[in-house]
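*Asks:* Have a look at this one.
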Amino acid sequence: MRLTSKNRGYTLVELTVGAGMIGVIGLLLYSVLNLCTILGAKNTAINVAHQNARTAMTRMLRDLHSAVSLPYLVDTNGNEVTGNGPAAGISFQEWSGGPHRFNSDAATGQNQINIKITAGQPTPIVGQRVIVPTHQIEDDITAVSGTSNNLTLTLAHNLPVAVTGTSAYSIVCFITDRCSYTVINGALDRQAALQTVPSVIGHNITNATPFSAPTPSGGTPYSRSVAGINVATIDPHYSNRGFRSANILLNGQVPGKARLTTYQ
């Protein structure tokens, strides 16, 4: 039987062209799907990194806004760093209680003071600091004894000046807590006064020294800014396709709200 043009098969050229077109279309579809996957993973990595940095920054801003002392820079061991940084950490004091009135005078050279705790406020504890702004007395509390109406605070050092006139005038003191933030091994740690172990509020921090003391071009510290923060984070879980560099940088200067202390 003779074959006609209506029932003959495809030629080798036609099959080759058809297979090539299917391959090209398949390659295009794969490229589009792969691109969508990469963009989706990138977006997820950016969102995770941004949320991590934003959470850490929000917590630090809240604490720094409530600081009653000028913050100072510290290293990973908590030791003070001279200069304007950058440094691995920052430490400052927060208001805890007061004003508490002096019950009696205190002579120069003694290391104890007697105060009356204001109603409704917590009793000071060892490790906190006592601040007497009128006499520029600032020291750590090493022992606490007595009742709230006549509480004796033992200080780490002897008083540099006498506190007199308590029977005629209302001389008061305040209680503060130390708070610090430090980047150690990519984690942002927060150390509060009553914590034995610091809490981690940020992970995957790529900048090991994010803190500084901002200064203008003249070199003197800003009067309204107490700390500069430069936080960069990364999401390490999306690295299989070469986009681990999806990081977030948050940079800012934190203005001071109030200052109660003279020293750090």
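Ordering of the structure tokens sets the chain letters (A, B, ...), residue numbers begin anew at 1 in every chain, and ligands are numbered from 1 in the order given.
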Name the residues of segment 10-163 of chain A that come out as helix (DSSP H, G or I) in a backbone DSSP run; write them as a PyMOL selection string.
*Replies:* chain A and resi 12-65+133-135
*Asks:* Give me, as a list in words, all polymer residues having an atom no more than 7 Å from Val200 of chain A, counting only C-alpha atoms and skipping those fewer than 3 positions away in the same chain.
*Replies:*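 Listed by chain and then number, they are Ala187, Leu188, Asp189 and Arg190 of chain A.
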*Asks:* Hey, can you spit out that residue selection with all heavy atoms as a short mmCIF file (atom, residue, chain, number, x, y, z; two decimals), in the first residue's frame?
*Replies:*
```cif
data_model
loop_
_atom_site.label_atom_id
_atom_site.label_comp_id
_atom_site.auth_asym_id
_atom_site.auth_seq_id
_atom_site.Cartn_x
_atom_site.Cartn_y
_atom_site.Cartn_z
N ALA A 187 25.36 37.66 69.39
CA ALA A 187 24.12 37.80 70.15
C ALA A 187 24.14 39.11 70.92
O ALA A 187 25.16 39.50 71.49
CB ALA A 187 23.94 36.63 71.11
N LEU A 188 23.00 39.80 70.94
CA LEU A 188 22.86 41.05 71.70
C LEU A 188 22.29 40.73 73.07
O LEU A 188 21.12 40.33 73.19
CB LEU A 188 21.96 42.03 70.95
CG LEU A 188 21.72 43.37 71.64
CD1 LEU A 188 23.04 44.14 71.81
CD2 LEU A 188 20.73 44.22 70.83
N ASP A 189 23.12 40.87 74.11
CA ASP A 189 22.71 40.54 75.48
C ASP A 189 22.30 41.80 76.23
O ASP A 189 22.92 42.85 76.08
CB ASP A 189 23.86 39.88 76.24
CG ASP A 189 24.22 38.52 75.66
OD1 ASP A 189 23.40 37.95 74.92
OD2 ASP A 189 25.33 38.03 75.95
N ARG A 190 21.27 41.65 77.06
CA ARG A 190 20.83 42.72 77.95
C ARG A 190 21.04 42.27 79.39
O ARG A 190 20.51 41.24 79.80
CB ARG A 190 19.36 43.07 77.73
CG ARG A 190 18.85 44.19 78.65
CD ARG A 190 17.36 44.43 78.43
NE ARG A 190 16.88 45.57 79.20
CZ ARG A 190 16.43 45.50 80.45
NH1 ARG A 190 16.39 44.33 81.07
NH2 ARG A 190 16.00 46.59 81.07
#
```
*Asks:* If we count only C-alpha atoms and set the cut-off at 10 Å, which residues sit around Gly85 of chain A, ignoring sequence neighbours fewer than 2 positions away in its own chain? Please answer as a VMD selection string.
*Replies:* chain A and resid 72 to 74 81 to 83 87 to 89 209 to 214 228
*Asks:* How would the residues just chosen look if you wrote them out with all heavy atoms as a CSV table (one decimal), in the first residue's frame?
*Replies:*
```csv
chain,number,residue,atom,x,y,z
A,72,TYR,N,28.1,55.0,79.1
A,72,TYR,CA,29.5,54.9,78.7
A,72,TYR,C,29.7,53.6,78.0
A,72,TYR,O,29.0,52.6,78.2
A,72,TYR,CB,30.4,55.0,79.9
A,72,TYR,CG,30.2,53.9,81.0
A,72,TYR,CD1,31.0,52.8,81.0
A,72,TYR,CD2,29.3,54.0,82.0
A,72,TYR,CE1,30.9,51.8,81.9
A,72,TYR,CE2,29.1,53.1,82.9
A,72,TYR,CZ,29.9,52.0,82.9
A,72,TYR,OH,29.8,51.0,83.9
A,73,LEU,N,30.7,53.6,77.1
A,73,LEU,CA,31.0,52.4,76.3
A,73,LEU,C,31.7,51.3,77.1
A,73,LEU,O,32.6,51.7,77.9
A,73,LEU,CB,31.7,52.8,75.0
A,73,LEU,CG,31.1,53.9,74.2
A,73,LEU,CD1,32.0,54.3,73.0
A,73,LEU,CD2,29.7,53.4,73.7
A,74,VAL,N,31.4,50.1,76.8
A,74,VAL,CA,32.1,49.0,77.5
A,74,VAL,C,32.5,47.9,76.5
A,74,VAL,O,32.0,47.9,75.4
A,74,VAL,CB,31.2,48.3,78.6
A,74,VAL,CG1,30.9,49.3,79.7
A,74,VAL,CG2,29.9,47.8,78.0
A,81,VAL,N,35.3,51.5,78.0
A,81,VAL,CA,36.1,51.8,76.9
A,81,VAL,C,36.3,53.3,76.7
A,81,VAL,O,35.3,54.0,76.7
A,81,VAL,CB,35.5,51.2,75.6
A,81,VAL,CG1,36.3,51.6,74.3
A,81,VAL,CG2,35.4,49.7,75.7
A,82,THR,N,37.5,53.7,76.7
A,82,THR,CA,37.8,55.2,76.5
A,82,THR,C,37.5,55.6,75.1
A,82,THR,O,37.6,54.8,74.1
A,82,THR,CB,39.2,55.5,76.9
A,82,THR,OG1,40.1,54.8,76.1
A,82,THR,CG2,39.4,55.2,78.4
A,83,GLY,N,37.3,56.9,74.9
A,83,GLY,CA,37.0,57.4,73.5
A,83,GLY,C,35.6,57.3,73.1
A,83,GLY,O,34.7,57.0,73.9
A,87,ALA,N,32.2,50.4,70.1
A,87,ALA,CA,32.5,49.5,71.2
A,87,ALA,C,31.4,48.4,71.1
A,87,ALA,O,30.4,48.5,70.5
A,87,ALA,CB,32.5,50.1,72.5
A,88,ALA,N,31.7,47.2,71.8
A,88,ALA,CA,30.8,46.1,71.8
A,88,ALA,C,29.6,46.3,72.7
A,88,ALA,O,28.6,45.6,72.5
A,88,ALA,CB,31.6,44.8,72.3
A,89,GLY,N,29.7,47.2,73.7
A,89,GLY,CA,28.6,47.4,74.6
A,89,GLY,C,28.4,48.8,75.1
A,89,GLY,O,29.2,49.7,74.8
A,209,THR,N,30.8,45.7,67.0
A,209,THR,CA,30.9,46.9,67.8
A,209,THR,C,29.9,48.0,67.3
A,209,THR,O,30.3,48.9,66.6
A,209,THR,CB,32.4,47.5,67.7
A,209,THR,OG1,32.7,47.6,66.3
A,209,THR,CG2,33.4,46.5,68.3
A,210,PRO,N,28.7,47.8,67.7
A,210,PRO,CA,27.6,48.7,67.2
A,210,PRO,C,27.4,50.0,67.9
A,210,PRO,O,26.6,50.9,67.5
A,210,PRO,CB,26.4,47.9,67.2
A,210,PRO,CG,26.6,47.0,68.4
A,210,PRO,CD,28.1,46.7,68.5
A,211,PHE,N,28.1,50.2,69.1
A,211,PHE,CA,27.8,51.4,69.9
A,211,PHE,C,28.9,52.4,69.8
A,211,PHE,O,30.1,52.1,69.7
A,211,PHE,CB,27.6,50.9,71.4
A,211,PHE,CG,26.5,49.9,71.6
A,211,PHE,CD1,26.8,48.6,71.7
A,211,PHE,CD2,25.2,50.4,71.6
A,211,PHE,CE1,25.7,47.7,71.9
A,211,PHE,CE2,24.1,49.4,71.7
A,211,PHE,CZ,24.4,48.1,71.9
A,212,SER,N,28.5,53.7,69.9
A,212,SER,CA,29.4,54.8,69.9
A,212,SER,C,28.9,56.0,70.7
A,212,SER,O,27.7,56.0,71.0
A,212,SER,CB,29.7,55.2,68.5
A,212,SER,OG,28.6,55.7,67.8
A,213,ALA,N,29.7,56.9,70.9
A,213,ALA,CA,29.3,58.2,71.6
A,213,ALA,C,29.3,59.2,70.5
A,213,ALA,O,30.4,59.6,70.0
A,213,ALA,CB,30.2,58.5,72.7
A,214,PRO,N,28.2,59.7,70.0
A,214,PRO,CA,28.2,60.6,68.8
A,214,PRO,C,28.8,61.9,69.2
A,214,PRO,O,28.6,62.5,70.2
A,214,PRO,CB,26.7,60.7,68.5
A,214,PRO,CG,26.0,60.4,69.8
A,214,PRO,CD,26.8,59.4,70.5
A,228,GLY,N,25.1,56.4,70.0
A,228,GLY,CA,24.9,56.0,68.6
A,228,GLY,C,24.8,54.5,68.5
A,228,GLY,O,25.6,53.8,69.0
```
*Asks:* Mind giving me the straight-line distance from atom CA of Gly97 of chain A to atom CA of Leu153 of chain A in Å, one decimal?
*Replies:*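 One can read the atom CA of Gly97 of chain A to atom CA of Leu153 of chain A distance as 14.0 Å.
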*Asks:* Nearest to Thr164 of chain A: which of A:Val126, A:His203, A:His135, A:Gln112 is it, counting only C-alpha atoms?
*Replies:*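 For Thr164 of chain A, the nearest of the given residues is A:His135.
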*Asks:* Residues within 8 Å of Ala208 of chain A, please, as an MDAnalysis selection string. Count only C-alpha atoms; anything in the same chain fewer than 3 positions from it doesn't count.
*Replies:* chainID A and resid 87:88 183:186 205
*Asks:* Next, the residues of the selection above should be written as a PDB file, in the first residue's frame with all heavy atoms.
*Replies:*
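Just written: out-v6.pdb:
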```pdb
ATOM      1  N   ALA A  87      32.235  50.421  70.113  1.00  0.00           N
ATOM      2  CA  ALA A  87      32.488  49.450  71.172  1.00  0.00           C
ATOM      3  C   ALA A  87      31.438  48.352  71.122  1.00  0.00           C
ATOM      4  O   ALA A  87      30.380  48.497  70.492  1.00  0.00           O
ATOM      5  CB  ALA A  87      32.467  50.134  72.539  1.00  0.00           C
ATOM      6  N   ALA A  88      31.738  47.247  71.812  1.00  0.00           N
ATOM      7  CA  ALA A  88      30.840  46.093  71.802  1.00  0.00           C
ATOM      8  C   ALA A  88      29.609  46.299  72.669  1.00  0.00           C
ATOM      9  O   ALA A  88      28.589  45.630  72.474  1.00  0.00           O
ATOM     10  CB  ALA A  88      31.588  44.849  72.262  1.00  0.00           C
ATOM     11  N   VAL A 183      27.209  43.061  72.603  1.00  0.00           N
ATOM     12  CA  VAL A 183      27.200  42.071  71.534  1.00  0.00           C
ATOM     13  C   VAL A 183      28.337  41.091  71.776  1.00  0.00           C
ATOM     14  O   VAL A 183      29.510  41.471  71.802  1.00  0.00           O
ATOM     15  CB  VAL A 183      27.364  42.737  70.155  1.00  0.00           C
ATOM     16  CG1 VAL A 183      27.483  41.678  69.054  1.00  0.00           C
ATOM     17  CG2 VAL A 183      26.178  43.651  69.868  1.00  0.00           C
ATOM     18  N   ILE A 184      27.977  39.817  71.979  1.00  0.00           N
ATOM     19  CA  ILE A 184      28.955  38.761  72.224  1.00  0.00           C
ATOM     20  C   ILE A 184      28.639  37.584  71.312  1.00  0.00           C
ATOM     21  O   ILE A 184      27.543  37.015  71.379  1.00  0.00           O
ATOM     22  CB  ILE A 184      28.950  38.307  73.700  1.00  0.00           C
ATOM     23  CG1 ILE A 184      29.240  39.491  74.632  1.00  0.00           C
ATOM     24  CG2 ILE A 184      29.966  37.199  73.932  1.00  0.00           C
ATOM     25  CD1 ILE A 184      29.165  39.129  76.099  1.00  0.00           C
ATOM     26  N   ASN A 185      29.582  37.236  70.456  1.00  0.00           N
ATOM     27  CA  ASN A 185      29.427  36.099  69.536  1.00  0.00           C
ATOM     28  C   ASN A 185      28.148  36.195  68.707  1.00  0.00           C
ATOM     29  O   ASN A 185      27.428  35.204  68.523  1.00  0.00           O
ATOM     30  CB  ASN A 185      29.453  34.779  70.316  1.00  0.00           C
ATOM     31  CG  ASN A 185      30.774  34.541  71.015  1.00  0.00           C
ATOM     32  OD1 ASN A 185      31.831  34.919  70.522  1.00  0.00           O
ATOM     33  ND2 ASN A 185      30.721  33.918  72.178  1.00  0.00           N
ATOM     34  N   GLY A 186      27.855  37.387  68.219  1.00  0.00           N
ATOM     35  CA  GLY A 186      26.702  37.572  67.346  1.00  0.00           C
ATOM     36  C   GLY A 186      25.374  37.710  68.053  1.00  0.00           C
ATOM     37  O   GLY A 186      24.338  37.848  67.401  1.00  0.00           O
ATOM     38  N   ILE A 205      23.749  39.148  64.971  1.00  0.00           N
ATOM     39  CA  ILE A 205      24.233  40.520  64.814  1.00  0.00           C
ATOM     40  C   ILE A 205      25.585  40.464  64.104  1.00  0.00           C
ATOM     41  O   ILE A 205      26.526  39.825  64.594  1.00  0.00           O
ATOM     42  CB  ILE A 205      24.374  41.219  66.177  1.00  0.00           C
ATOM     43  CG1 ILE A 205      23.058  41.113  66.972  1.00  0.00           C
ATOM     44  CG2 ILE A 205      24.775  42.672  65.989  1.00  0.00           C
ATOM     45  CD1 ILE A 205      21.891  41.801  66.331  1.00  0.00           C
TER      46      ILE A 205
END
```
*Asks:* Could you check how far atom CA of Phe92 of chain A sits from atom CA of Thr176 of chain A, in Å to one decimal?
*Replies:*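 It comes out at 9.7 Å.
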*Asks:* Could you list, as a list in words, every residue within 10 Å of Asn111 of chain A, counting only C-alpha atoms and ignoring same-chain residues fewer than 4 positions away?
*Replies:*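 Skipping anything fewer than 4 positions along the chain leaves Ala106, Ala107, Asp139, Ile141, Thr142, Leu153, Thr154, Leu155, Ala156, His157, Asn158, Leu159 and Pro160 of chain A.
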*Asks:* I need the residues from that last selection saved to file as a short mmCIF file (atom, residue, chain, number, x, y, z; two decimals), in the first residue's frame (with all heavy atoms), if you can.
*Replies:*
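Result file is out39.cif:
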```cif
data_model
loop_
_atom_site.label_atom_id
_atom_site.label_comp_id
_atom_site.auth_asym_id
_atom_site.auth_seq_id
_atom_site.Cartn_x
_atom_site.Cartn_y
_atom_site.Cartn_z
N ALA A 106 24.77 62.80 107.98
CA ALA A 106 25.84 61.84 107.75
C ALA A 106 27.16 62.60 107.65
O ALA A 106 27.26 63.58 106.90
CB ALA A 106 25.59 61.04 106.48
N ALA A 107 28.15 62.17 108.41
CA ALA A 107 29.43 62.88 108.48
C ALA A 107 30.36 62.44 107.36
O ALA A 107 30.24 61.33 106.81
CB ALA A 107 30.10 62.63 109.83
N ASP A 139 27.07 56.25 94.82
CA ASP A 139 27.85 55.08 95.22
C ASP A 139 26.98 53.83 95.17
O ASP A 139 25.74 53.90 95.17
CB ASP A 139 28.39 55.26 96.65
CG ASP A 139 29.69 54.50 96.88
OD1 ASP A 139 30.01 53.61 96.06
OD2 ASP A 139 30.37 54.79 97.86
N ILE A 141 25.40 50.33 96.65
CA ILE A 141 24.89 49.85 97.93
C ILE A 141 25.45 48.45 98.17
O ILE A 141 25.28 47.55 97.35
CB ILE A 141 23.35 49.82 97.94
CG1 ILE A 141 22.80 51.23 97.70
CG2 ILE A 141 22.82 49.26 99.25
CD1 ILE A 141 21.28 51.26 97.53
N THR A 142 26.12 48.26 99.33
CA THR A 142 26.71 46.96 99.65
C THR A 142 25.95 46.22 100.74
O THR A 142 26.13 45.01 100.90
CB THR A 142 28.17 47.14 100.09
OG1 THR A 142 28.22 47.99 101.25
CG2 THR A 142 29.00 47.75 98.97
N LEU A 153 21.56 52.27 104.72
CA LEU A 153 22.24 51.82 103.52
C LEU A 153 23.75 51.92 103.73
O LEU A 153 24.26 52.99 104.10
CB LEU A 153 21.84 52.68 102.32
CG LEU A 153 20.35 52.75 101.96
CD1 LEU A 153 20.14 53.63 100.74
CD2 LEU A 153 19.77 51.36 101.74
N THR A 154 24.44 50.82 103.52
CA THR A 154 25.90 50.81 103.60
C THR A 154 26.46 50.97 102.19
O THR A 154 26.07 50.23 101.28
CB THR A 154 26.42 49.51 104.22
OG1 THR A 154 25.85 49.36 105.52
CG2 THR A 154 27.94 49.54 104.34
N LEU A 155 27.37 51.93 102.02
CA LEU A 155 27.90 52.25 100.70
C LEU A 155 29.28 51.64 100.50
O LEU A 155 29.97 51.27 101.46
CB LEU A 155 27.97 53.77 100.53
CG LEU A 155 26.68 54.54 100.84
CD1 LEU A 155 26.88 56.03 100.60
CD2 LEU A 155 25.52 54.01 100.01
N ALA A 156 29.67 51.54 99.26
CA ALA A 156 30.96 50.92 98.92
C ALA A 156 32.13 51.80 99.33
O ALA A 156 33.23 51.29 99.54
CB ALA A 156 31.01 50.61 97.43
N HIS A 157 31.90 53.11 99.44
CA HIS A 157 33.00 54.03 99.80
C HIS A 157 32.51 54.99 100.87
O HIS A 157 31.30 55.17 101.08
CB HIS A 157 33.47 54.81 98.56
CG HIS A 157 33.88 53.95 97.41
ND1 HIS A 157 32.99 53.53 96.45
CD2 HIS A 157 35.09 53.41 97.08
CE1 HIS A 157 33.62 52.78 95.57
NE2 HIS A 157 34.90 52.69 95.92
N ASN A 158 33.46 55.63 101.52
CA ASN A 158 33.12 56.65 102.51
C ASN A 158 32.59 57.90 101.83
O ASN A 158 32.95 58.21 100.68
CB ASN A 158 34.35 57.00 103.34
CG ASN A 158 34.83 55.83 104.19
OD1 ASN A 158 34.03 54.98 104.58
ND2 ASN A 158 36.13 55.79 104.46
N LEU A 159 31.73 58.61 102.54
CA LEU A 159 31.14 59.83 101.98
C LEU A 159 32.22 60.89 101.76
O LEU A 159 32.99 61.19 102.68
CB LEU A 159 30.06 60.37 102.91
CG LEU A 159 28.82 59.50 103.10
CD1 LEU A 159 27.87 60.15 104.10
CD2 LEU A 159 28.11 59.26 101.78
N PRO A 160 32.26 61.50 100.57
CA PRO A 160 33.27 62.54 100.33
C PRO A 160 32.92 63.87 100.98
O PRO A 160 33.79 64.70 101.21
CB PRO A 160 33.28 62.65 98.81
CG PRO A 160 31.89 62.25 98.40
CD PRO A 160 31.47 61.19 99.37
#
```
*Asks:* Can you list, as a VMD selection string, every protein, DNA or RNA residue that comes within 7 Å of Gly98 of chain A when you count only C-alpha atoms, leaving out same-chain residues fewer than 6 positions away?
*Replies:* chain A and resid 118 173 to 175
*Asks:* So how far away is atom CA of Gly146 of chain A from atom CA of Phe102 of chain A, in Å?
*Replies:*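 Atom CA of Gly146 of chain A lies 13.8 Å from atom CA of Phe102 of chain A.
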*Asks:* Could you check the closest approach to Lys116 of chain A for each of A:Ser170, A:Ser96, A:Asn79, A:Asn204 and tell me which residue wins, using only C-alpha atoms?
*Replies:*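 So, comparing all the options, the nearest one is A:Ser170.
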*Asks:* Excluding Gln195 of chain A and any residue of its chain fewer than 3 positions from it, enumerate the residues within 12 Å of it, using only C-alpha atoms, and give them as a ChimeraX atom specification.
*Replies:* /A:127,177-180,189-192,198-200
*Asks:* Could you turn the residues from that selection into a file that holds C-alpha atoms, as a JSON list (two decimals), in the first residue's frame?
*Replies:*
```json
[["chain", "number", "residue", "atom", "x", "y", "z"],
["A", 127, "GLY", "CA", 23.92, 46.14, 93.96],
["A", 177, "ASP", "CA", 19.86, 50.35, 88.53],
["A", 178, "ARG", "CA", 22.62, 49.64, 86.06],
["A", 179, "CYS", "CA", 21.62, 48.31, 82.66],
["A", 180, "SER", "CA", 23.89, 47.30, 79.80],
["A", 189, "ASP", "CA", 22.71, 40.54, 75.48],
["A", 190, "ARG", "CA", 20.83, 42.72, 77.95],
["A", 191, "GLN", "CA", 22.09, 42.72, 81.54],
["A", 192, "ALA", "CA", 19.78, 44.26, 84.13],
["A", 198, "PRO", "CA", 21.86, 38.24, 80.73],
["A", 199, "SER", "CA", 18.85, 37.89, 78.44],
["A", 200, "VAL", "CA", 19.39, 37.62, 74.68]]
```
*Asks:* What parts of segment 165-207 of chain A does DSSP call strand (DSSP E or B)? I'd like the answer as a list in words.
*Replies:*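 The strand (DSSP E or B) subset of segment 165-207 of chain A is Val172, Cys173, Phe174, Ile175, Thr176, Asp177, Arg178, Cys179, Ser180, Tyr181, Thr182, Val183, Ile184, Ala187, Leu188, Asp189, Arg190, Gln191, Ser199, Val200, Ile201, Gly202 and Ile205 of chain A.
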*Asks:* Between A:Ser66, A:Gln136, A:Asn150, A:Asn77, which residue has the minimum interatomic distance to Arg101 of chain A, considering only C-alpha atoms?
*Replies:*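 Residue with the minimum atom-to-atom distance to Arg101 of chain A: A:Asn150.
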